[in-house]
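So this one's my_file.cif, mmCIF, C-alpha atoms:
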data_input
loop_
_atom_site.label_atom_id
_atom_site.label_comp_id
_atom_site.auth_asym_id
_atom_site.auth_seq_id
_atom_site.Cartn_x
_atom_site.Cartn_y
_atom_site.Cartn_z
CA MET A 214 22.45 1.02 -10.85
CA PRO A 215 23.77 3.41 -8.20
CA LYS A 216 26.96 2.91 -6.35
CA LYS A 217 26.33 1.42 -2.92
CA VAL A 218 25.74 4.10 -0.31
CA GLY A 219 26.53 3.07 3.23
CA ASN A 220 23.87 3.52 5.88
CA ARG A 221 24.53 6.30 8.31
CA GLY A 222 23.19 4.25 11.16
CA PRO A 223 20.55 5.34 13.65
CA ARG A 224 20.60 8.83 15.07
CA ARG A 225 21.28 9.13 18.78
CA VAL A 226 18.03 8.99 20.70
CA ASP A 227 17.71 8.61 24.45
CA PRO A 228 16.65 5.08 25.48
CA GLY A 229 13.25 6.10 26.82
CA THR A 230 12.23 7.94 23.67
CA ARG A 231 13.57 5.20 21.46
CA HIS A 232 11.55 2.62 23.42
CA VAL A 233 8.31 4.55 22.88
CA ILE A 234 9.00 5.16 19.19
CA GLY A 235 10.10 1.58 18.74
CA ALA A 236 6.91 0.23 20.27
CA MET A 237 4.81 2.40 17.97
CA LEU A 238 6.76 1.36 14.89
CA ARG A 239 6.77 -2.33 15.66
CA ASN A 240 3.09 -2.46 16.65
CA ARG A 241 1.62 -0.16 14.01
CA ILE A 242 3.81 1.30 11.31
CA ILE A 243 6.44 -1.31 10.54
CA PRO A 244 4.05 -4.31 10.31
CA THR A 245 2.23 -2.46 7.53
CA LEU A 246 5.37 -1.03 5.98
CA VAL A 247 7.29 -4.28 5.82
CA GLU A 248 4.76 -6.27 3.85
CA THR A 249 5.45 -9.95 3.37
CA ARG A 250 8.02 -10.43 0.64
CA THR A 251 6.93 -12.78 -2.13
CA GLU A 252 9.42 -11.96 -4.85
CA SER A 253 12.42 -14.11 -5.68
CA PRO A 254 16.02 -12.92 -5.11
CA LEU A 255 15.89 -11.58 -8.67
CA ILE A 256 13.00 -9.29 -9.53
CA ALA A 257 12.43 -10.08 -13.22
CA VAL A 258 9.84 -7.76 -14.72
CA ALA A 259 8.63 -8.11 -18.30
CA THR A 260 8.79 -4.87 -20.23
CA GLN A 261 6.20 -3.66 -22.69
CA GLY A 262 7.01 -2.82 -26.29
CA LYS A 263 10.62 -4.00 -26.11
CA SER A 264 10.49 -7.19 -28.19
CA GLY A 265 9.62 -9.29 -25.19
CA SER A 266 12.78 -8.39 -23.31
CA LYS A 267 12.95 -8.15 -19.53
CA VAL A 268 14.22 -5.65 -17.05
CA THR A 269 15.92 -7.60 -14.28
CA LEU A 270 16.75 -6.06 -10.92
CA SER A 271 18.71 -7.93 -8.31
CA GLU A 272 18.09 -7.71 -4.60
CA ASN A 273 21.26 -5.63 -4.37
CA ASP A 274 19.92 -3.19 -6.97
CA VAL A 275 16.79 -2.65 -4.90
CA ALA A 276 18.86 -2.29 -1.71
CA ASP A 277 21.03 0.34 -3.41
CA ILE A 278 18.00 2.50 -4.17
CA ALA A 279 16.76 2.09 -0.61
CA ASP A 280 20.18 3.20 0.62
CA LEU A 281 19.97 6.32 -1.53
CA LEU A 282 16.66 7.17 0.14
CA LEU A 283 17.99 6.49 3.63
CA ALA A 284 21.04 8.67 2.93
CA GLY A 285 18.80 11.56 1.87
CA HIS A 286 19.72 11.45 -1.84
CA GLU A 287 16.18 12.12 -3.05
CA GLN A 288 16.92 13.18 -6.62
CA SER A 289 19.36 10.33 -7.20
CA ALA A 290 16.73 7.81 -6.13
CA LEU A 291 14.08 9.44 -8.35
CA ASP A 292 16.53 9.38 -11.24
CA GLU A 293 17.07 5.65 -10.70
CA PHE A 294 13.33 5.01 -10.85
CA ASP A 295 13.11 7.06 -14.06
CA ALA A 296 16.02 5.13 -15.56
CA ILE A 297 14.30 1.81 -14.83
CA PHE A 298 11.07 3.12 -16.36
CA GLU A 299 12.88 4.30 -19.48
CA LYS A 300 14.15 0.77 -20.06
CA GLY A 301 10.60 -0.21 -20.89
CA ILE A 302 9.05 -1.48 -17.67
CA SER A 303 5.37 -0.68 -17.34
CA ALA A 304 4.23 1.78 -14.70
CA ARG A 305 2.21 -1.02 -13.11
CA ARG A 306 5.23 -3.26 -12.67
CA LEU A 307 7.44 -0.40 -11.53
CA ILE A 308 4.95 0.59 -8.85
CA VAL A 309 3.93 -2.86 -7.60
CA ASP A 310 7.22 -4.73 -7.91
CA VAL A 311 10.02 -2.18 -7.64
CA PHE A 312 8.48 0.45 -5.38
CA GLY A 313 7.06 -2.32 -3.20
CA ALA A 314 10.45 -3.99 -2.85
CA VAL A 315 12.15 -0.70 -1.98
CA ALA A 316 9.48 0.03 0.65
CA SER A 317 10.18 -3.35 2.23
CA HIS A 318 13.91 -2.60 2.36
CA LEU A 319 13.20 0.69 4.13
CA GLY A 320 11.17 -1.09 6.76
CA GLU A 321 13.78 -3.79 7.18
CA ALA A 322 16.41 -1.09 7.76
CA TRP A 323 14.50 -0.04 10.87
CA VAL A 324 13.95 -3.61 12.05
CA ASN A 325 17.67 -4.32 11.62
CA ASP A 326 18.49 -1.11 13.51
CA THR A 327 20.50 0.37 10.64
CA ALA A 328 18.25 3.39 10.07
CA SER A 329 16.36 5.83 12.26
CA PHE A 330 12.64 6.53 12.28
CA ALA A 331 13.37 9.86 10.59
CA ASP A 332 15.44 8.19 7.85
CA VAL A 333 12.69 5.69 7.08
CA THR A 334 9.95 8.33 7.20
CA LEU A 335 11.79 10.65 4.81
CA GLY A 336 12.58 7.75 2.50
CA MET A 337 8.92 6.78 2.38
CA ALA A 338 7.99 10.38 1.60
CA VAL A 339 10.20 10.25 -1.49
CA LEU A 340 8.66 6.92 -2.47
CA HIS A 341 5.21 8.53 -2.26
CA LYS A 342 6.52 11.31 -4.53
CA ALA A 343 7.78 8.74 -7.04
CA LEU A 344 4.34 7.11 -6.97
CA ARG A 345 2.63 10.42 -7.73
CA ASN A 346 5.11 11.06 -10.54
CA LYS A 347 4.06 7.85 -12.27
CA ALA A 348 0.31 8.21 -11.72
CA ALA A 349 -0.32 9.69 -15.18
CA HIS A 350 1.54 6.82 -16.84
CA LEU A 351 -0.46 4.33 -14.78
CA ALA A 352 -3.71 5.85 -16.05
CA LEU A 353 -2.64 5.13 -19.63
CA GLU A 354 -2.19 1.44 -18.84
CA ILE A 355 -5.38 0.67 -16.90
CA GLU A 356 -8.78 0.28 -18.49
CA SER A 357 -11.37 2.76 -17.28
CA ASP A 358 -14.43 1.52 -15.42
CA PRO A 359 -17.98 2.86 -15.78
CA PHE A 360 -18.67 6.28 -14.33
CA GLY A 361 -20.10 6.15 -10.83
CA ASN A 362 -17.95 3.44 -9.29
CA SER A 363 -16.81 4.65 -5.89
CA ILE A 364 -14.66 3.26 -3.12
CA MET A 365 -13.67 4.28 0.38
CA LEU A 366 -10.31 2.97 1.53
CA SER A 367 -9.35 3.07 5.18
CA PRO A 368 -7.33 1.34 7.86
CA LEU A 369 -8.95 0.63 11.18
CA PRO A 370 -9.85 3.87 12.98
CA ASN A 371 -6.89 5.46 14.75
CA HIS A 372 -4.42 3.52 12.62
CA THR A 373 -2.17 4.75 9.84
CA HIS A 374 -2.55 4.41 6.09
CA VAL A 375 0.79 3.48 4.56
CA PHE A 376 2.44 3.03 1.20
CA GLY A 377 0.61 -0.11 0.13
CA ALA A 378 -2.73 1.64 0.61
CA ALA A 379 -1.49 4.64 -1.38
CA VAL A 380 -0.66 2.32 -4.28
CA VAL A 381 -4.17 0.86 -4.15
CA GLU A 382 -5.61 4.37 -4.27
CA GLU A 383 -3.62 5.23 -7.40
CA PHE A 384 -4.76 2.07 -9.20
CA PHE A 385 -8.41 2.86 -8.56
CA ARG A 386 -7.97 6.49 -9.59
CA ALA A 387 -6.25 5.34 -12.78
CA ALA A 388 -9.38 3.29 -13.53
CA ASP A 389 -11.54 6.43 -13.05
CA TRP A 390 -13.06 5.43 -9.74
CA ASP A 391 -14.19 8.05 -7.27
CA VAL A 392 -11.75 7.34 -4.42
CA HIS A 393 -12.09 8.51 -0.82
CA SER A 394 -9.37 7.57 1.62
CA GLY A 395 -7.79 8.47 4.88
CA GLY A 396 -7.58 7.58 8.51
CA PHE A 397 -10.48 8.16 10.87
CA SER A 398 -9.94 8.87 14.54
CA THR A 399 -12.99 6.88 15.65
CA GLU A 400 -15.34 4.23 14.29
CA ASN A 401 -18.21 6.69 14.54
CA GLU A 402 -16.45 9.11 12.19
CA LEU A 403 -15.92 6.36 9.63
CA LEU A 404 -19.49 5.08 9.95
CA LYS A 405 -20.89 8.59 9.56
CA ALA A 406 -18.93 9.05 6.33
CA LEU A 407 -20.38 5.79 4.98
CA ALA A 408 -23.88 6.74 6.12
CA ASP A 409 -23.72 10.21 4.55
CA GLU A 410 -22.48 9.15 1.12
CA GLU A 411 -23.11 6.07 -0.99
CA PHE A 412 -20.06 3.99 -1.88
CA SER A 413 -19.91 0.91 -4.10
CA ILE A 414 -17.01 -0.66 -2.22
CA PHE A 415 -15.37 -0.29 1.17
CA GLY A 416 -11.75 -1.41 1.34
CA LEU A 417 -10.29 -2.12 4.77
CA SER A 418 -6.54 -2.50 5.27
CA LEU A 419 -5.37 -4.60 8.21
CA GLY A 420 -1.79 -4.37 9.38
CA GLN A 421 -1.70 -7.35 11.75
CA PRO A 422 -3.68 -10.58 12.23
CA GLN A 423 -4.38 -9.45 15.80
CA GLN A 424 -6.65 -6.77 14.35
CA SER A 425 -9.11 -9.38 13.06
CA ASP A 426 -11.60 -9.00 15.91
CA ASP A 427 -11.69 -5.23 15.45
CA GLY A 428 -12.13 -5.74 11.71
CA ARG A 429 -15.03 -8.16 12.24
CA ARG A 430 -16.83 -5.73 14.53
CA LEU A 431 -16.27 -2.82 12.15
CA ILE A 432 -17.57 -4.73 9.12
CA SER A 433 -20.72 -5.70 11.01
CA ARG A 434 -21.35 -2.06 11.93
CA ILE A 435 -20.67 -0.89 8.38
CA ARG A 436 -23.29 -3.24 6.97
CA ALA A 437 -25.81 -1.90 9.48
CA ARG A 438 -25.04 1.79 8.97
CA SER A 439 -23.96 2.21 5.36
CA MET A 440 -26.17 4.28 3.03
CA ASN A 441 -25.59 1.58 0.42
CA GLN A 442 -27.14 -1.48 2.02
CA ASN A 443 -25.60 -3.62 -0.71
CA ILE A 444 -22.09 -2.29 -0.17
CA LYS A 445 -19.32 -4.76 -0.94
CA ILE A 446 -16.46 -5.00 1.53
CA MET A 447 -12.98 -6.14 0.64
CA VAL A 448 -9.94 -6.53 2.86
CA GLY A 449 -6.23 -6.19 2.19
CA GLY A 450 -2.97 -5.36 3.89
CA PRO A 451 -0.13 -7.34 5.45
CA ALA A 452 -2.45 -9.26 7.77
CA VAL A 453 -4.22 -10.77 4.77
CA VAL A 454 -0.92 -11.59 3.08
CA LEU A 455 0.05 -13.53 6.19
CA ASP A 456 -3.28 -15.29 6.71
CA LYS A 457 -5.76 -15.53 3.85
CA ARG A 458 -8.40 -17.04 6.13
CA ILE A 459 -8.97 -13.66 7.74
CA PRO A 460 -11.33 -12.11 5.14
CA SER A 461 -13.94 -14.86 5.36
CA GLU A 462 -13.57 -15.06 9.12
CA ILE A 463 -14.36 -11.37 9.57
CA GLY A 464 -17.22 -11.25 7.06
CA ALA A 465 -15.62 -9.59 4.03
CA ASP A 466 -16.87 -10.22 0.50
CA GLY A 467 -13.39 -10.49 -0.97
CA PHE A 468 -9.71 -9.80 -0.45
CA ALA A 469 -6.60 -8.80 -2.36
CA VAL A 470 -2.88 -8.97 -1.66
CA ASN A 471 -1.80 -6.13 -3.97
CA ALA A 472 -3.19 -3.16 -5.87
CA GLU A 473 -3.71 -4.93 -9.19
CA GLU A 474 -5.63 -7.72 -7.53
CA ALA A 475 -7.70 -5.22 -5.50
CA LEU A 476 -8.99 -3.60 -8.68
CA LYS A 477 -9.83 -6.98 -10.23
CA VAL A 478 -11.64 -8.15 -7.10
CA ALA A 479 -13.61 -4.90 -6.83
CA ARG A 480 -14.73 -5.21 -10.45
CA HIS A 481 -15.78 -8.79 -9.85
CA LEU A 482 -17.79 -7.85 -6.76
CA LEU A 483 -19.68 -5.18 -8.68
CA ASP A 484 -20.33 -7.57 -11.57
CA GLN A 485 -22.01 -9.87 -9.05
CA ASN A 486 -24.37 -7.01 -8.16
CA ASP A 487 -25.35 -6.72 -11.82
CA ASP A 488 -26.20 -10.42 -12.20
#
Written as structure tokens, that's how I'd like the structure from this file.
Amino acid sequence: MPKKVGNRGPRRVDPGTRHVIGAMLRNRIIPTLVETRTESPLIAVATQGKSGSKVTLSENDVADIADLLLAGHEQSALDEFDAIFEKGISARRLIVDVFGAVASHLGEAWVNDTASFADVTLGMAVLHKALRNKAAHLALEIESDPFGNSIMLSPLPNHTHVFGAAVVEEFFRAADWDVHSGGFSTENELLKALADEEFSIFGLSLGQPQQSDDGRRLISRIRARSMNQNIKIMVGGPAVVLDKRIPSEIGADGFAVNAEEALKVARHLLDQNDD
């Protein structure tokens, strides 16, 4: 693993600007970036095709990679991901467990005031690049679904799609789904997209439990306006990780706490349609 790289600390920003940026990050970006951590202090990931051996990464190993990203050492961080992959870890486990843990460390660096907004943003950009680099390997590991399955993935209108949502997108693409994603400025834009094209599933990501009321209203409007009047709606995101009562309370058909589970739940919801 890489030698520890010290954080450079936050760049100098005038207090007023930092207050505005901080409010935005804490209320929108960071709650969805710093997803609830469920892994143990040691991230033990079973490899495939290596006689049942395991690749074990400590919390310090993950922090070291995050530090490389925060220090701007893009290629070194990408090389570390490749080195872990070459040890035999599956692309699925690399993406969900390792990339997810590194993303959490990046968010925590902001919360702990040891990295600037720019540092975290650039680090996340590299993490997105690493995700794209492993997309082809992911497609070799995931069973394809029947042609015609389609999903729209979106946060609430005027909110930001983040890394966790990007991972979900890649899992569905790897399974040969037709995936549409992105942020909409208004509810009407989102509803028009669902009214103009038929989707099998709509996936809503919620960053905070406080967004539940907005999610409930949006789901009700989707069911009224969608071209597919039998559309299935699933919910994910940090809010659901924190409170698993939210999906049923806001009228969703199912929920998932990570990308692998999202694909399984979506398949199950469509199987129900076929019964």
Can you give me, as a short mmCIF file (atom, residue, chain, number, x, y, z; two decimals) with C-alpha atoms, in the frame of the given file, the residues this file yields under the PyMOL selection byres ((chain A and resi 410-427) around 6)?
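Dumped to result-v7.cif:
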data_model
loop_
_atom_site.label_atom_id
_atom_site.label_comp_id
_atom_site.auth_asym_id
_atom_site.auth_seq_id
_atom_site.Cartn_x
_atom_site.Cartn_y
_atom_site.Cartn_z
CA PRO A 244 4.05 -4.31 10.31
CA THR A 245 2.23 -2.46 7.53
CA SER A 363 -16.81 4.65 -5.89
CA ILE A 364 -14.66 3.26 -3.12
CA MET A 365 -13.67 4.28 0.38
CA LEU A 366 -10.31 2.97 1.53
CA SER A 367 -9.35 3.07 5.18
CA PRO A 368 -7.33 1.34 7.86
CA LEU A 407 -20.38 5.79 4.98
CA ALA A 408 -23.88 6.74 6.12
CA ASP A 409 -23.72 10.21 4.55
CA GLY A 428 -12.13 -5.74 11.71
CA ARG A 429 -15.03 -8.16 12.24
CA ARG A 430 -16.83 -5.73 14.53
CA MET A 440 -26.17 4.28 3.03
CA ASN A 441 -25.59 1.58 0.42
CA ILE A 444 -22.09 -2.29 -0.17
CA LYS A 445 -19.32 -4.76 -0.94
CA ILE A 446 -16.46 -5.00 1.53
CA MET A 447 -12.98 -6.14 0.64
CA VAL A 448 -9.94 -6.53 2.86
CA GLY A 449 -6.23 -6.19 2.19
CA GLY A 450 -2.97 -5.36 3.89
CA PRO A 451 -0.13 -7.34 5.45
CA ALA A 452 -2.45 -9.26 7.77
#
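The coordinates place CA of Glu382 (chain A) at 13.0 Å from CA of Lys347 (chain A).
Between CA of Leu283 (chain A) and CA of Asp332 (chain A) the separation is 5.2 Å.
In this structure, CA of Asp295 (chain A) sits 14.4 Å away from CA of Val315 (chain A).
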Would you translate the PyMOL selection byres ((chain A and resi 339) around 12) into the concrete set of residues it matches in this file, as a ChimeraX atom specification? /A:278-279,281-292,294,312,315-316,319,332-338,340-346,376
The residues within 12 Å of (-12.6, 6.6, 15.1), using only C-alpha atoms and the coordinates of the file, should be reported as number ranges by chain; which are they? A: 367-373, 395-406, 427, 431
Near-Asp358 (chain A) list (9 Å; all atoms listed in the file; drop same-chain fewer than 5 positions) as number ranges by chain: A: 388-390, 480
List, as a ChimeraX atom specification, every residue that the PyMOL selection byres ((chain A and resi 377) around 8) selects in the file provided. /A:245-246,313,375-376,378-381,450,471-472
A:Lys300, A:His318, A:Arg438, A:Arg306 ranked by distance to Glu272 (chain A), top pick (using all atoms listed in the file): A:His318
Counting all atoms listed in the file, the option among A:Lys477, A:Phe330, A:Asp484, A:Ala469 closest to Glu356 (chain A): A:Lys477
With distances taken over all atoms listed in the file, which residue among A:Val268, A:Ala465, A:Ala304, A:Val309 lies nearest Leu482 (chain A)?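 Closest candidate: A:Ala465.
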